[in-house]
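> Have a peek at entry-v8.cif (mmCIF, C-alpha atoms).
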data_work
#
loop_
_atom_site.label_atom_id
_atom_site.label_comp_id
_atom_site.auth_asym_id
_atom_site.auth_seq_id
_atom_site.Cartn_x
_atom_site.Cartn_y
_atom_site.Cartn_z
CA MET A 1 -11.48 25.36 -18.72
CA GLU A 2 -7.92 26.32 -19.58
CA LEU A 3 -5.38 26.30 -16.83
CA ASN A 4 -2.98 29.12 -16.26
CA PRO A 5 0.28 27.91 -17.94
CA THR A 6 2.14 28.19 -14.64
CA LEU A 7 -0.45 26.10 -12.78
CA GLU A 8 -0.45 23.66 -15.66
CA GLU A 9 3.28 23.27 -15.12
CA VAL A 10 2.77 22.77 -11.37
CA TYR A 11 0.08 20.10 -11.83
CA SER A 12 1.79 18.33 -14.73
CA LEU A 13 4.56 17.44 -12.32
CA VAL A 14 2.23 15.72 -9.85
CA LEU A 15 -0.71 14.30 -11.79
CA THR A 16 1.55 11.51 -13.03
CA GLN A 17 0.88 9.84 -9.66
CA TRP A 18 -2.86 9.41 -10.34
CA PRO A 19 -2.73 6.18 -12.38
CA LEU A 20 -0.66 4.59 -9.63
CA VAL A 21 -3.10 5.66 -6.88
CA ALA A 22 -6.10 4.48 -8.93
CA GLY A 23 -4.29 1.23 -9.73
CA ALA A 24 -3.53 0.57 -6.05
CA TYR A 25 -7.18 1.06 -5.05
CA ALA A 26 -8.46 -0.96 -8.02
CA LEU A 27 -6.15 -3.90 -7.24
CA LEU A 28 -6.99 -3.75 -3.53
CA TRP A 29 -10.76 -3.79 -4.02
CA ALA A 30 -10.72 -6.18 -6.95
CA GLY A 31 -8.57 -8.60 -4.91
CA MET A 32 -10.90 -8.38 -1.91
CA VAL A 33 -14.12 -8.67 -3.91
CA VAL A 34 -12.86 -11.58 -6.04
CA TYR A 35 -11.53 -13.50 -3.02
CA VAL A 36 -14.67 -12.96 -0.91
CA GLY A 37 -16.93 -13.66 -3.91
CA MET A 38 -15.17 -16.94 -4.61
CA ALA A 39 -15.38 -17.96 -0.94
CA VAL A 40 -19.11 -17.13 -0.78
CA ASN A 41 -19.74 -19.07 -4.01
CA ARG A 42 -17.90 -22.11 -2.68
CA LEU A 43 -19.89 -21.86 0.57
CA LYS A 44 -23.17 -21.83 -1.36
CA GLY A 45 -22.13 -24.87 -3.38
CA LEU A 46 -21.04 -26.75 -0.27
CA SER A 47 -24.26 -25.82 1.55
CA LYS A 48 -26.32 -27.34 -1.27
CA GLN A 49 -24.13 -30.44 -1.26
CA ILE A 50 -24.45 -30.94 2.53
CA GLU A 51 -28.23 -30.50 2.38
CA VAL A 52 -28.51 -33.31 -0.16
CA LEU A 53 -26.08 -35.58 1.69
CA GLU A 54 -27.64 -35.04 5.13
CA ALA A 55 -31.11 -35.63 3.72
CA ALA A 56 -29.84 -38.92 2.26
CA VAL A 57 -28.31 -39.85 5.64
CA ALA A 58 -31.61 -39.04 7.38
CA ARG A 59 -33.56 -41.15 4.86
CA ARG A 60 -31.20 -44.08 5.36
CA GLN A 61 -31.40 -43.82 9.17
CA ALA A 62 -35.23 -43.68 9.00
CA ALA A 63 -35.27 -46.77 6.78
CA GLU A 64 -33.05 -48.66 9.21
CA MET B 1 -22.00 -23.14 10.69
CA ARG B 2 -24.92 -20.70 10.52
CA SER B 3 -23.39 -18.60 13.31
CA LEU B 4 -20.07 -18.56 11.42
CA THR B 5 -21.61 -17.20 8.24
CA THR B 6 -23.71 -14.73 10.26
CA ARG B 7 -20.55 -13.45 11.97
CA ALA B 8 -18.80 -13.32 8.60
CA SER B 9 -21.72 -11.38 7.04
CA VAL B 10 -21.87 -8.88 9.91
CA ALA B 11 -18.07 -8.39 9.75
CA LEU B 12 -18.21 -8.01 5.95
CA VAL B 13 -20.92 -5.33 6.12
CA LEU B 14 -19.17 -3.53 8.98
CA GLY B 15 -15.80 -3.73 7.23
CA GLY B 16 -17.37 -2.53 3.97
CA ILE B 17 -19.00 0.48 5.63
CA LEU B 18 -15.86 1.43 7.57
CA THR B 19 -13.51 1.09 4.62
CA LEU B 20 -15.92 3.07 2.44
CA GLY B 21 -15.87 5.76 5.15
CA ALA B 22 -12.07 5.63 5.15
CA PHE B 23 -12.02 5.97 1.36
CA LEU B 24 -14.36 8.98 1.39
CA GLY B 25 -12.42 10.53 4.28
CA ALA B 26 -9.09 9.99 2.54
CA PHE B 27 -10.18 11.56 -0.75
CA PHE B 28 -12.77 14.18 0.21
CA TRP B 29 -11.86 15.25 3.73
CA ALA B 30 -8.17 14.71 4.48
CA GLY B 31 -5.74 17.17 2.94
CA VAL B 32 -2.92 16.34 0.57
CA PRO B 33 0.48 16.77 2.19
CA ASP B 34 3.39 18.38 0.37
CA PHE B 35 6.32 16.28 -0.75
CA GLY B 36 9.10 18.53 -2.00
CA PHE B 37 8.35 21.57 -4.15
CA VAL B 38 7.70 22.80 -7.66
CA ARG B 39 9.35 25.97 -8.99
CA THR B 40 8.14 28.20 -11.81
CA ALA B 41 9.25 31.47 -13.38
CA GLU B 42 5.87 33.19 -12.97
CA GLN B 43 3.62 33.36 -9.96
CA ALA B 44 0.13 31.85 -10.22
CA ASP B 45 -2.81 32.12 -7.84
CA SER B 46 -2.68 28.79 -6.02
CA VAL B 47 -3.17 27.53 -2.47
CA ARG B 48 0.09 25.65 -2.97
CA TYR B 49 2.06 28.88 -3.42
CA THR B 50 4.65 29.03 -0.64
CA GLY B 51 6.54 32.18 -1.68
CA PRO B 52 9.35 33.45 -3.87
CA PHE B 53 12.63 31.60 -4.09
CA GLU B 54 16.16 32.73 -4.75
CA GLN B 55 18.67 30.18 -6.05
CA PRO B 56 22.42 31.03 -6.19
CA ILE B 57 24.24 29.60 -9.22
CA ASP B 58 28.03 29.29 -9.40
CA GLU B 59 28.56 28.09 -12.99
CA ALA B 60 27.04 29.50 -16.18
CA ARG B 61 26.04 26.10 -17.58
CA TYR B 62 23.76 25.42 -14.57
CA LEU B 63 21.56 28.31 -15.75
CA ALA B 64 20.39 26.19 -18.72
CA ASN B 65 17.47 24.82 -16.63
CA TYR B 66 16.11 28.30 -15.87
CA ALA B 67 15.09 29.73 -19.26
CA GLY B 68 12.27 32.25 -18.71
CA TYR B 69 13.23 32.94 -15.09
CA THR B 70 14.42 36.31 -13.81
CA ILE B 71 18.16 36.19 -13.15
CA GLU B 72 20.82 38.49 -11.83
CA ILE B 73 24.33 37.89 -13.17
CA GLU B 74 27.61 39.23 -11.87
CA ALA B 75 30.07 39.29 -14.77
CA GLY B 76 33.17 41.39 -15.46
CA GLY B 77 32.61 43.43 -12.28
CA GLU B 78 29.06 44.41 -13.30
CA THR B 79 25.61 43.15 -12.28
CA VAL B 80 23.01 42.57 -15.00
CA ARG B 81 19.35 41.69 -14.29
CA GLY B 82 16.87 40.34 -16.83
CA GLU B 83 14.94 37.35 -18.15
CA LEU B 84 17.09 34.39 -19.13
CA VAL B 85 16.79 33.38 -22.78
CA SER B 86 19.43 30.64 -22.95
CA ALA B 87 22.62 29.48 -21.32
CA ASP B 88 25.36 26.97 -22.09
CA LYS B 89 29.02 26.46 -21.27
CA ASP B 90 30.05 29.30 -23.66
CA ALA B 91 27.57 32.12 -23.16
CA VAL B 92 24.48 33.36 -21.32
CA GLU B 93 21.80 35.34 -23.18
CA LEU B 94 19.20 37.39 -21.39
CA THR B 95 16.68 40.13 -22.11
CA THR B 96 17.01 43.24 -19.99
CA ASP B 97 15.03 46.55 -19.90
CA THR B 98 17.46 47.97 -22.42
CA GLY B 99 17.47 45.00 -24.82
CA SER B 100 19.16 41.70 -25.44
CA VAL B 101 22.49 41.04 -23.65
CA THR B 102 24.95 38.20 -24.23
CA ILE B 103 27.52 37.47 -21.55
CA ASP B 104 30.61 35.39 -22.23
CA ALA B 105 30.85 32.41 -19.88
CA ALA B 106 34.51 33.29 -19.23
CA ASP B 107 33.37 36.55 -17.59
CA PHE B 108 30.74 34.80 -15.46
CA GLU B 109 31.32 35.22 -11.70
CA ALA B 110 28.00 34.31 -10.03
CA ALA B 111 24.26 34.46 -10.58
CA ARG B 112 20.98 34.32 -8.71
CA VAL B 113 17.71 32.94 -10.08
CA PHE B 114 14.35 34.33 -8.88
CA GLY B 115 10.94 32.67 -9.21
CA SER B 116 7.95 31.24 -7.37
CA GLU B 117 7.81 28.10 -5.29
CA TYR B 118 4.82 25.81 -4.71
CA GLY B 119 4.27 22.86 -2.42
CA ARG B 120 4.29 19.65 -4.46
CA PRO B 121 1.03 17.80 -3.65
CA ASP B 122 1.82 14.20 -2.80
CA TRP B 123 -1.19 12.36 -4.26
CA GLY B 124 0.65 9.07 -3.87
CA GLN B 125 0.18 9.45 -0.11
CA LYS B 126 -3.50 8.45 -0.62
CA ILE B 127 -2.31 4.86 -1.02
CA PHE B 128 -1.14 4.96 2.61
CA TYR B 129 -4.74 4.91 4.01
CA PHE B 130 -5.19 1.31 2.84
CA HIS B 131 -1.66 0.04 2.28
CA VAL B 132 -0.70 0.42 5.96
CA PRO B 133 -3.88 -1.18 7.42
CA VAL B 134 -3.57 -4.11 4.98
CA ALA B 135 0.09 -4.59 6.01
CA GLU B 136 -0.83 -4.38 9.71
CA ILE B 137 -3.57 -7.00 9.31
CA SER B 138 -1.10 -9.31 7.56
CA PHE B 139 1.13 -9.09 10.68
CA ILE B 140 -1.80 -9.59 13.08
CA VAL B 141 -3.25 -12.60 11.25
CA PHE B 142 0.22 -14.13 10.99
CA ALA B 143 0.47 -13.76 14.80
CA PHE B 144 -2.81 -15.72 15.12
CA ALA B 145 -1.44 -18.40 12.79
CA ALA B 146 1.69 -18.73 14.96
CA PHE B 147 -0.49 -18.80 18.12
CA TYR B 148 -2.65 -21.64 16.77
CA ALA B 149 0.51 -23.44 15.62
CA VAL B 150 1.85 -23.32 19.18
CA ARG B 151 -1.53 -24.50 20.48
CA PHE B 152 -1.46 -27.37 18.01
CA LEU B 153 2.01 -28.47 19.09
CA MET B 154 0.85 -28.37 22.74
CA THR B 155 -2.47 -30.17 22.26
CA ARG B 156 -2.14 -32.02 18.90
CA ASP B 157 -5.77 -31.00 18.38
CA ARG B 158 -6.53 -31.00 14.62
CA GLU B 159 -8.81 -27.98 14.96
CA ASN B 160 -5.84 -25.80 15.96
CA ASP B 161 -3.98 -26.92 12.83
CA THR B 162 -7.02 -25.98 10.75
CA LYS B 163 -7.23 -22.56 12.40
CA ALA B 164 -3.49 -22.01 11.81
CA ARG B 165 -3.83 -22.99 8.13
CA VAL B 166 -6.84 -20.75 7.56
CA SER B 167 -5.05 -17.88 9.33
CA MET B 168 -2.07 -18.38 7.01
CA GLU B 169 -4.41 -18.27 4.00
CA VAL B 170 -5.82 -14.94 5.21
CA THR B 171 -2.24 -13.77 5.82
CA LEU B 172 -1.37 -14.65 2.21
CA VAL B 173 -4.30 -12.59 0.90
CA PHE B 174 -3.21 -9.54 2.90
CA VAL B 175 0.49 -10.03 2.13
CA VAL B 176 -0.24 -10.07 -1.62
CA LEU B 177 -2.42 -6.94 -1.32
CA THR B 178 0.31 -5.22 0.73
CA MET B 179 2.93 -6.05 -1.89
CA LEU B 180 0.75 -4.83 -4.80
CA THR B 181 -0.25 -1.53 -3.16
CA GLY B 182 3.31 -1.09 -1.83
CA ILE B 183 4.90 -1.49 -5.25
CA LEU B 184 2.55 1.15 -6.70
CA TRP B 185 3.28 3.50 -3.79
CA THR B 186 7.02 2.98 -4.26
CA LYS B 187 6.68 3.98 -7.92
CA ALA B 188 4.60 7.05 -6.99
CA ALA B 189 6.87 8.21 -4.16
CA TRP B 190 10.36 7.11 -5.17
CA GLY B 191 9.99 6.81 -8.94
CA VAL B 192 11.05 3.15 -8.98
CA TRP B 193 9.00 -0.06 -8.79
CA TRP B 194 11.25 -1.67 -6.20
CA ASP B 195 14.12 -0.81 -3.87
CA TRP B 196 16.10 -3.31 -1.80
CA GLU B 197 15.79 -1.21 1.34
CA PRO B 198 15.27 -2.84 4.78
CA ARG B 199 11.44 -2.79 5.07
CA LEU B 200 10.78 -3.91 1.51
CA THR B 201 13.42 -6.63 1.71
CA THR B 202 12.20 -8.09 5.02
CA TYR B 203 8.57 -7.95 3.84
CA PHE B 204 9.52 -9.68 0.60
CA ILE B 205 11.15 -12.44 2.70
CA LEU B 206 7.90 -12.63 4.69
CA THR B 207 5.95 -13.10 1.45
CA LEU B 208 8.27 -15.92 0.39
CA LEU B 209 7.90 -17.56 3.83
CA VAL B 210 4.09 -17.48 3.63
CA VAL B 211 4.19 -19.01 0.14
CA ALA B 212 6.73 -21.59 1.37
CA TYR B 213 4.31 -22.59 4.16
CA PHE B 214 1.78 -23.77 1.58
CA VAL B 215 4.46 -25.43 -0.54
CA LEU B 216 5.54 -27.34 2.59
CA ARG B 217 1.96 -28.36 3.41
CA ASN B 218 1.38 -29.65 -0.08
CA SER B 219 4.62 -31.62 -0.15
CA VAL B 220 3.96 -33.78 2.95
CA GLU B 221 1.36 -36.52 2.54
CA ASP B 222 1.06 -37.84 6.09
CA GLU B 223 -1.54 -35.67 7.85
CA GLU B 224 0.09 -35.70 11.29
CA ARG B 225 3.59 -34.96 10.01
CA ARG B 226 2.25 -32.26 7.68
CA ALA B 227 0.54 -30.50 10.58
CA VAL B 228 3.63 -30.69 12.81
CA TYR B 229 6.04 -29.48 10.10
CA ALA B 230 3.68 -26.65 9.12
CA ALA B 231 3.26 -25.58 12.76
CA VAL B 232 7.01 -25.51 13.41
CA PHE B 233 7.64 -23.68 10.12
CA SER B 234 5.00 -21.00 10.77
CA ILE B 235 6.37 -20.35 14.28
CA LEU B 236 9.91 -19.93 12.87
CA ALA B 237 8.64 -17.82 9.94
CA PHE B 238 6.80 -15.54 12.38
CA ILE B 239 10.21 -14.31 13.64
CA ASP B 240 10.35 -12.17 10.46
CA VAL B 241 7.21 -10.24 11.48
CA PRO B 242 8.74 -8.20 14.35
CA ILE B 243 11.94 -7.83 12.31
CA SER B 244 9.99 -6.38 9.36
CA PHE B 245 7.87 -4.17 11.63
CA PHE B 246 10.69 -2.68 13.71
CA ILE B 247 13.48 -2.57 11.12
CA THR B 248 12.58 0.94 9.90
CA ARG B 249 12.99 2.15 13.48
CA LEU B 250 16.28 0.36 14.10
CA ILE B 251 18.39 0.95 10.99
CA PRO B 252 18.39 3.70 8.35
CA SER B 253 15.54 3.15 5.89
CA ASN B 254 13.80 5.14 3.15
CA HIS B 255 10.43 3.68 4.12
CA PRO B 256 8.22 6.22 5.98
CA VAL B 257 7.33 5.62 9.62
CA ILE B 258 4.17 6.97 11.27
CA GLU B 259 5.20 9.08 14.23
CA SER B 260 3.03 10.08 17.17
CA GLY B 261 1.13 13.25 16.24
CA GLY B 262 2.29 12.95 12.63
CA LEU B 263 -1.22 12.92 11.18
CA GLU B 264 -3.68 15.81 11.36
CA GLY B 265 -7.32 15.14 12.45
CA PRO B 266 -9.05 14.16 9.15
CA MET B 267 -6.06 12.04 8.08
CA LEU B 268 -5.94 10.25 11.42
CA VAL B 269 -9.72 9.56 11.49
CA SER B 270 -9.65 8.19 7.89
CA PHE B 271 -6.62 6.07 8.73
CA ILE B 272 -8.23 4.62 11.89
CA LEU B 273 -11.46 3.89 9.97
CA GLY B 274 -9.36 2.06 7.39
CA GLN B 275 -7.59 0.06 10.10
CA VAL B 276 -10.79 -0.99 11.90
CA GLY B 277 -12.50 -1.72 8.58
CA MET B 278 -9.63 -3.93 7.45
CA ILE B 279 -9.66 -5.81 10.78
CA ALA B 280 -13.37 -6.48 10.22
CA LEU B 281 -12.74 -7.64 6.64
CA GLY B 282 -9.85 -9.86 7.77
CA TYR B 283 -12.08 -11.39 10.44
CA ALA B 284 -14.88 -11.88 7.87
CA ILE B 285 -12.56 -13.67 5.45
CA TYR B 286 -11.26 -15.88 8.27
CA GLN B 287 -14.81 -16.81 9.34
CA LEU B 288 -15.87 -17.49 5.74
CA ARG B 289 -12.94 -19.86 5.22
CA MET B 290 -13.54 -21.56 8.59
CA GLY B 291 -17.18 -22.04 7.59
CA GLU B 292 -16.01 -23.67 4.37
CA VAL B 293 -13.65 -26.01 6.22
CA GLN B 294 -16.42 -27.03 8.64
CA LEU B 295 -18.75 -27.76 5.72
CA TYR B 296 -16.08 -29.94 4.10
CA ASP B 297 -15.79 -31.88 7.37
CA ARG B 298 -19.56 -32.38 7.54
CA ILE B 299 -19.63 -33.53 3.92
CA GLU B 300 -16.86 -36.06 4.62
CA GLN B 301 -18.78 -37.32 7.68
CA ALA B 302 -22.04 -37.63 5.71
CA LYS B 303 -20.24 -39.48 2.89
CA ALA B 304 -18.66 -41.85 5.41
CA LEU B 305 -22.08 -42.58 6.93
CA LEU B 306 -23.60 -43.29 3.51
CA GLU B 307 -20.74 -45.58 2.50
CA ARG B 308 -21.09 -47.74 5.61
#
Mind turning this structure into structure tokens?


Amino acid sequence: MELNPTLEEVYSLVLTQWPLVAGAYALLWAGMVVYVGMAVNRLKGLSKQIEVLEAAVARRQAAE
Amino acid sequence: MRSLTTRASVALVLGGILTLGAFLGAFFWAGVPDFGFVRTAEQADSVRYTGPFEQPIDEARYLANYAGYTIEIEAGGETVRGELVSADKDAVELTTDTGSVTIDAADFEAARVFGSEYGRPDWGQKIFYFHVPVAEISFIVFAFAAFYAVRFLMTRDRENDTKARVSMEVTLVFVVLTMLTGILWTKAAWGVWWDWEPRLTTYFILTLLVVAYFVLRNSVEDEERRAVYAAVFSILAFIDVPISFFITRLIPSNHPVIESGGLEGPMLVSFILGQVGMIALGYAIYQLRMGEVQLYDRIEQAKALLER
């Protein structure tokens, strides 16, 4: 679809803002998702570690 | 621990739903406000059309920007109307009903330019729906950090130091997101990446203070001293929060301020959804990090038991 030249002129003056708006949202969500994802991953790793350690503690206490 | 991660999961889902709602509201429901205007020679069918404009011009060379516009020139005691072809400091050329006319700049007395005016849609304003909530949460979480720091100094309970540290970590996340979205908004709205105006300057100082908090923590080895220094520092650093928040209301600043009744219905609803959603996400991040810290403590305890 071809824009009316006058409207094209109107929009050409404002569409320059779009990359900045998209960039702001992309950075915001990427930052959130990466941070939360890393925290959840660390939690999973720590949970596995604590399970192993607490099982070992329980075994030792049972043996004593 | 399980209740912490459950609370974090619930807050994450709630925050995700609310911020998604805010995003959809901001882009598909709320209108786009005007910021300034756009002028053209011809009129086009557009909802942004606000009407005709008439611009007086007092020097011939200023007409150079209006090629293609309809102009009316008073020169040598006569008035000539037509479409402007070109203009410079020496002469003005225009096309009238009777043909091409060239007017010597020395004879120029005054002119008026006629055209159409449109509202300039401010798409950059869409950043506001998340930039402001993120900035608000950074202030709120910093307040919690200062609160736990005070509690630590009163009780010397290590748990309060941990809560203060985790709160500062969450503050850092939101401060960084505020800075990134703010810089992009500044470019969209003001045409520059940065301006040393009061709000930006005081918030930049806040960012440095939050970073300095972690530098301080990492530079003191003794656990007790580290906790005391960090608590005192975060309480002092918190002084910048009310300064940064109120400065746009106290001294002249380019940074926009939300005024009561300044947002129409859909904008306000999207904005509130964004705020509540961000609070939920901030709470979720805090709970996730607290869960991590508690797991570390349990691991240390289990290791100590095994080494005995």

> List as a PyMOL selection string the protein and nucleic acid residues near Tyr35 (chain A), meaning an atom at most 12 Å away when only C-alpha atoms are counted, but skip any in the same chain fewer than 4 places from it.

(chain A and resi 27-31+39-42) or (chain B and resi 169-170+172-174+176-177+281-282+284-286+288-289)

> For this file, the PyMOL selection byres ((chain A and resi 53) around 10) selects which residues, as a list of chain:residue names?

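Taken over the shown coordinates, the PyMOL selection byres ((chain A and resi 53) around 10) returns A:Ser47, A:Lys48, A:Gln49, A:Ile50, A:Glu51, A:Val52, A:Glu54, A:Ala55, A:Ala56, A:Val57, A:Ala58, A:Arg59, B:Arg298, B:Ile299, B:Glu300, B:Gln301, B:Ala302, B:Lys303, B:Leu305, B:Leu306.
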
> Do you know which residues the PyMOL selection byres ((chain A and resi 17) around 10) returns on this file, as an MDAnalysis selection string?

(chainID A and resid 12:16 18:22) or (chainID B and resid 121:125 184:185 187:189 191)

> Take every atom of region 267-284 of chain B listed in the file, fit an axis-aligned box around them, add 5 Å per side, and give the centre and edge lengths in Å to one decimal as JSON.


{"center_x": -10.4, "center_y": 0.1, "center_z": 9.3, "size_x": 18.9, "size_y": 33.9, "size_z": 15.3}

> Any idea what the distance is between CA of Ala41 (chain B) and CA of Phe114 (chain B)?

7.4 Å

> Can you tell me how far CA of Phe204 (chain B) sits from CA of Phe233 (chain B), in Å to one decimal?

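CA of Phe233 (chain B) lies 17.0 Å from CA of Phe204 (chain B).
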
> Evaluate the PyMOL selection byres ((chain B and resi 128) around 12) here and jot the selected residues down as a PyMOL selection string.

(chain A and resi 21+24-25) or (chain B and resi 22-23+26-27+32-33+122-127+129-136+178+181-186+188-189+255-258+263+267-268+270-272+274-275)

> If you count all atoms listed in the file, which residues fall within 9 Å of region 103-112 of chain B, apart from same-chain ones fewer than 2 positions away, as a PyMOL selection string?

chain B and resi 54-61+63+70-77+79+87-94+101+114

> Have a look at B:Tyr62, B:Phe238, B:Phe142, B:Trp190 and name the one nearest to chain A; count only C-alpha atoms.

B:Trp190

> Please measure the separation of CA of Thr5 (chain B) and CA of Ala280 (chain B), giving the value in Å to one decimal.

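Answer for the CA of Thr5 (chain B) to CA of Ala280 (chain B) separation: 13.7 Å.
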
> Which residue out of B:Arg81, B:Arg7, B:Arg120, B:Arg308 has the minimum interatomic distance to chain A when only C-alpha atoms are used?

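The answer is B:Arg120, which sits nearest to chain A.
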
> B:Glu42, B:Glu83, B:Glu159, B:Glu197: which is nearest chain A, counting all atoms listed in the file?

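Ranked by minimum distance to chain A, first place goes to B:Glu42.
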
> A:Met38, A:Val33, A:Leu43, A:Ala26: which is nearest chain B, counting all atoms listed in the file?

A:Leu43

> Find, counting all atoms listed in the file, the residue in B:Asp195, B:Ile205, B:Val85, B:Glu264 that gets nearest to Trp29 (chain B).

B:Glu264

> Got a minute to add N, CA and C atoms to region 40-55 of chain B and dump it as a PDB file, in the frame of the given file?


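Contents of the output file selection_1.pdb:
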ATOM      1  N   THR B  40       8.480  27.646 -10.500  1.00  0.00           N
ATOM      2  CA  THR B  40       8.140  28.200 -11.810  1.00  0.00           C
ATOM      3  C   THR B  40       8.661  29.628 -11.908  1.00  0.00           C
ATOM      4  N   ALA B  41       8.733  30.117 -13.154  1.00  0.00           N
ATOM      5  CA  ALA B  41       9.250  31.470 -13.380  1.00  0.00           C
ATOM      6  C   ALA B  41       8.218  32.517 -12.949  1.00  0.00           C
ATOM      7  N   GLU B  42       6.929  32.225 -13.284  1.00  0.00           N
ATOM      8  CA  GLU B  42       5.870  33.190 -12.970  1.00  0.00           C
ATOM      9  C   GLU B  42       5.115  32.756 -11.724  1.00  0.00           C
ATOM     10  N   GLN B  43       4.423  33.710 -11.125  1.00  0.00           N
ATOM     11  CA  GLN B  43       3.620  33.360  -9.960  1.00  0.00           C
ATOM     12  C   GLN B  43       2.165  33.182 -10.380  1.00  0.00           C
ATOM     13  N   ALA B  44       1.545  32.087  -9.916  1.00  0.00           N
ATOM     14  CA  ALA B  44       0.130  31.850 -10.220  1.00  0.00           C
ATOM     15  C   ALA B  44      -0.654  31.818  -8.916  1.00  0.00           C
ATOM     16  N   ASP B  45      -1.967  32.109  -9.022  1.00  0.00           N
ATOM     17  CA  ASP B  45      -2.810  32.120  -7.840  1.00  0.00           C
ATOM     18  C   ASP B  45      -3.125  30.675  -7.459  1.00  0.00           C
ATOM     19  N   SER B  46      -2.493  30.184  -6.417  1.00  0.00           N
ATOM     20  CA  SER B  46      -2.680  28.790  -6.020  1.00  0.00           C
ATOM     21  C   SER B  46      -2.515  28.657  -4.521  1.00  0.00           C
ATOM     22  N   VAL B  47      -3.304  27.757  -3.914  1.00  0.00           N
ATOM     23  CA  VAL B  47      -3.170  27.530  -2.470  1.00  0.00           C
ATOM     24  C   VAL B  47      -1.835  26.874  -2.152  1.00  0.00           C
ATOM     25  N   ARG B  48      -1.198  26.321  -3.171  1.00  0.00           N
ATOM     26  CA  ARG B  48       0.090  25.650  -2.970  1.00  0.00           C
ATOM     27  C   ARG B  48       1.266  26.624  -2.982  1.00  0.00           C
ATOM     28  N   TYR B  49       0.980  27.898  -3.323  1.00  0.00           N
ATOM     29  CA  TYR B  49       2.060  28.880  -3.420  1.00  0.00           C
ATOM     30  C   TYR B  49       2.678  29.078  -2.036  1.00  0.00           C
ATOM     31  N   THR B  50       4.001  28.887  -1.945  1.00  0.00           N
ATOM     32  CA  THR B  50       4.650  29.030  -0.640  1.00  0.00           C
ATOM     33  C   THR B  50       5.529  30.275  -0.570  1.00  0.00           C
ATOM     34  N   GLY B  51       5.760  30.946  -1.709  1.00  0.00           N
ATOM     35  CA  GLY B  51       6.540  32.180  -1.680  1.00  0.00           C
ATOM     36  C   GLY B  51       7.573  32.225  -2.787  1.00  0.00           C
ATOM     37  N   PRO B  52       8.313  33.350  -2.837  1.00  0.00           N
ATOM     38  CA  PRO B  52       9.350  33.450  -3.870  1.00  0.00           C
ATOM     39  C   PRO B  52      10.576  32.630  -3.461  1.00  0.00           C
ATOM     40  N   PHE B  53      11.366  32.259  -4.433  1.00  0.00           N
ATOM     41  CA  PHE B  53      12.630  31.600  -4.090  1.00  0.00           C
ATOM     42  C   PHE B  53      13.779  32.329  -4.776  1.00  0.00           C
ATOM     43  N   GLU B  54      14.961  32.115  -4.215  1.00  0.00           N
ATOM     44  CA  GLU B  54      16.160  32.730  -4.750  1.00  0.00           C
ATOM     45  C   GLU B  54      17.235  31.655  -4.754  1.00  0.00           C
ATOM     46  N   GLN B  55      17.727  31.305  -5.941  1.00  0.00           N
ATOM     47  CA  GLN B  55      18.670  30.180  -6.050  1.00  0.00           C
ATOM     48  C   GLN B  55      20.030  30.700  -6.530  1.00  0.00           C
TER      49      GLN B  55
END
